[in-house]
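To start, the structure itself, in structure tokens.
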Amino acid sequence: DAAPASVSDAAPLPALHLSQDAALATVSGQDFTATFDKRAGILSSLKFKGVELVQSPLRPDFWRAPTDNDRGRKMAESQGIWRTAHADAETRSFQAEESEASVVVKISSRLPKVEADWTTAYTVHRTGDIVVDVEFAPATAKLPKLPRLGLQMVMPAGFDRITWLGPGPQETYCDRKDARVGLYSGS
């Protein structure tokens, strides 16, 4: 009986490679490539083993599907500015910094429709994992209440299955306490 392999027995992953020109920054590692469009301020492509994972890039998202109560109180009229608040974003700065273990790409943008600043920091690890941190700073507190604060992206056709560890198997919200935590899958 052989002892199980420890983490230290695993072959180290090769270093990341960052290449840049005036328009693009590309981070390459074992089996993956992440490409950032400097002018648009987006992660424009993420390929794993040659397969594209991005159809429409990750972007700020402030809207959610309205409920009957939302329709009754005319949410679209009172909070409708948030539906397209992400549109016409202006890239203010783009930085890409390489370290021994990761590459951090930091993009600062202005959302003129709501006079707010949005900063996205992508930390690309040797494993191909990308950790995304965002900062949202509105210039005024006089804006309508946010329906939601999050990110949205579209993946290519064929990526229609998901597995998650958490409450389920049905949709759950913060006020629903009867869903059991487990490993679930669905479309």
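By convention in this document, the chains of the structure tokens carry letters A, B, ... by their order, each chain's residues are numbered from 1, and ligands are numbered from 1 in the order they are shown.
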
Each residue of stretch 67-159 of chain A with at least one atom at most 10 Å from stretch 42-45 of chain A should appear once, together with its nearest atom pair and the corresponding distance in Å (one decimal); atoms considered: only C-alpha atoms; ordering: chain, then increasing residue number; output as JSON lines.
{"residue": "A:Thr91", "atom": "CA", "partner": "A:Ile42", "partner_atom": "CA", "distance": 9.1}
{"residue": "A:Phe94", "atom": "CA", "partner": "A:Ile42", "partner_atom": "CA", "distance": 9.8}
{"residue": "A:Val105", "atom": "CA", "partner": "A:Leu43", "partner_atom": "CA", "distance": 9.5}
{"residue": "A:Ile107", "atom": "CA", "partner": "A:Ile42", "partner_atom": "CA", "distance": 7.9}
{"residue": "A:Thr120", "atom": "CA", "partner": "A:Ile42", "partner_atom": "CA", "distance": 9.0}
{"residue": "A:Tyr122", "atom": "CA", "partner": "A:Leu43", "partner_atom": "CA", "distance": 8.8}

N, CA and C atoms of the current selection, written as a compact mmCIF listing (two decimals), in the first residue's frame:
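Dumped to selection.txt:
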# COMPACT_ATOMS: atom_id res chain seq x y z
N THR A 91 -12.93 53.58 -19.99
CA THR A 91 -11.74 53.06 -19.32
C THR A 91 -10.84 54.23 -18.93
N PHE A 94 -5.42 51.26 -16.94
CA PHE A 94 -5.19 49.83 -17.12
C PHE A 94 -3.79 49.52 -16.62
N VAL A 105 -4.29 42.20 -13.03
CA VAL A 105 -4.72 43.18 -14.02
C VAL A 105 -5.79 44.04 -13.36
N ILE A 107 -8.25 47.36 -13.76
CA ILE A 107 -8.88 48.25 -14.74
C ILE A 107 -9.84 49.18 -14.01
N THR A 120 -12.11 46.97 -11.50
CA THR A 120 -12.07 45.51 -11.50
C THR A 120 -10.62 45.07 -11.43
N TYR A 122 -8.38 41.64 -11.63
CA TYR A 122 -8.34 40.22 -11.97
C TYR A 122 -6.99 39.67 -11.50

Requested in this report: Do a neighbour search on A:Glu171 at 12 Å with only C-alpha atoms, toss out local chain neighbours closer than 4 positions, and write the hits as a PyMOL selection string.
Outcome: chain A and resi 164+166-167+175-180+184-187

Report task. Report as a ChimeraX atom specification: the residues of stretch 81-130 of chain A with a DSSP assignment of strand (DSSP E), based on the backbone of this structure. Result -> /A:90-98,102-111,116-125,130

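For the set A:Thr84, A:Ser56, A:Ser28, A:Ser109, the residue with the smallest atom-to-atom gap to A:Ala40 is A:Ser109, counting only C-alpha atoms.
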
**Report entry** Exercise: A:Gln152 partners within 10 Å, only C-alpha atoms, chain neighbours under 4 positions left out, as a PyMOL selection string
**Finding:** chain A and resi 56-62
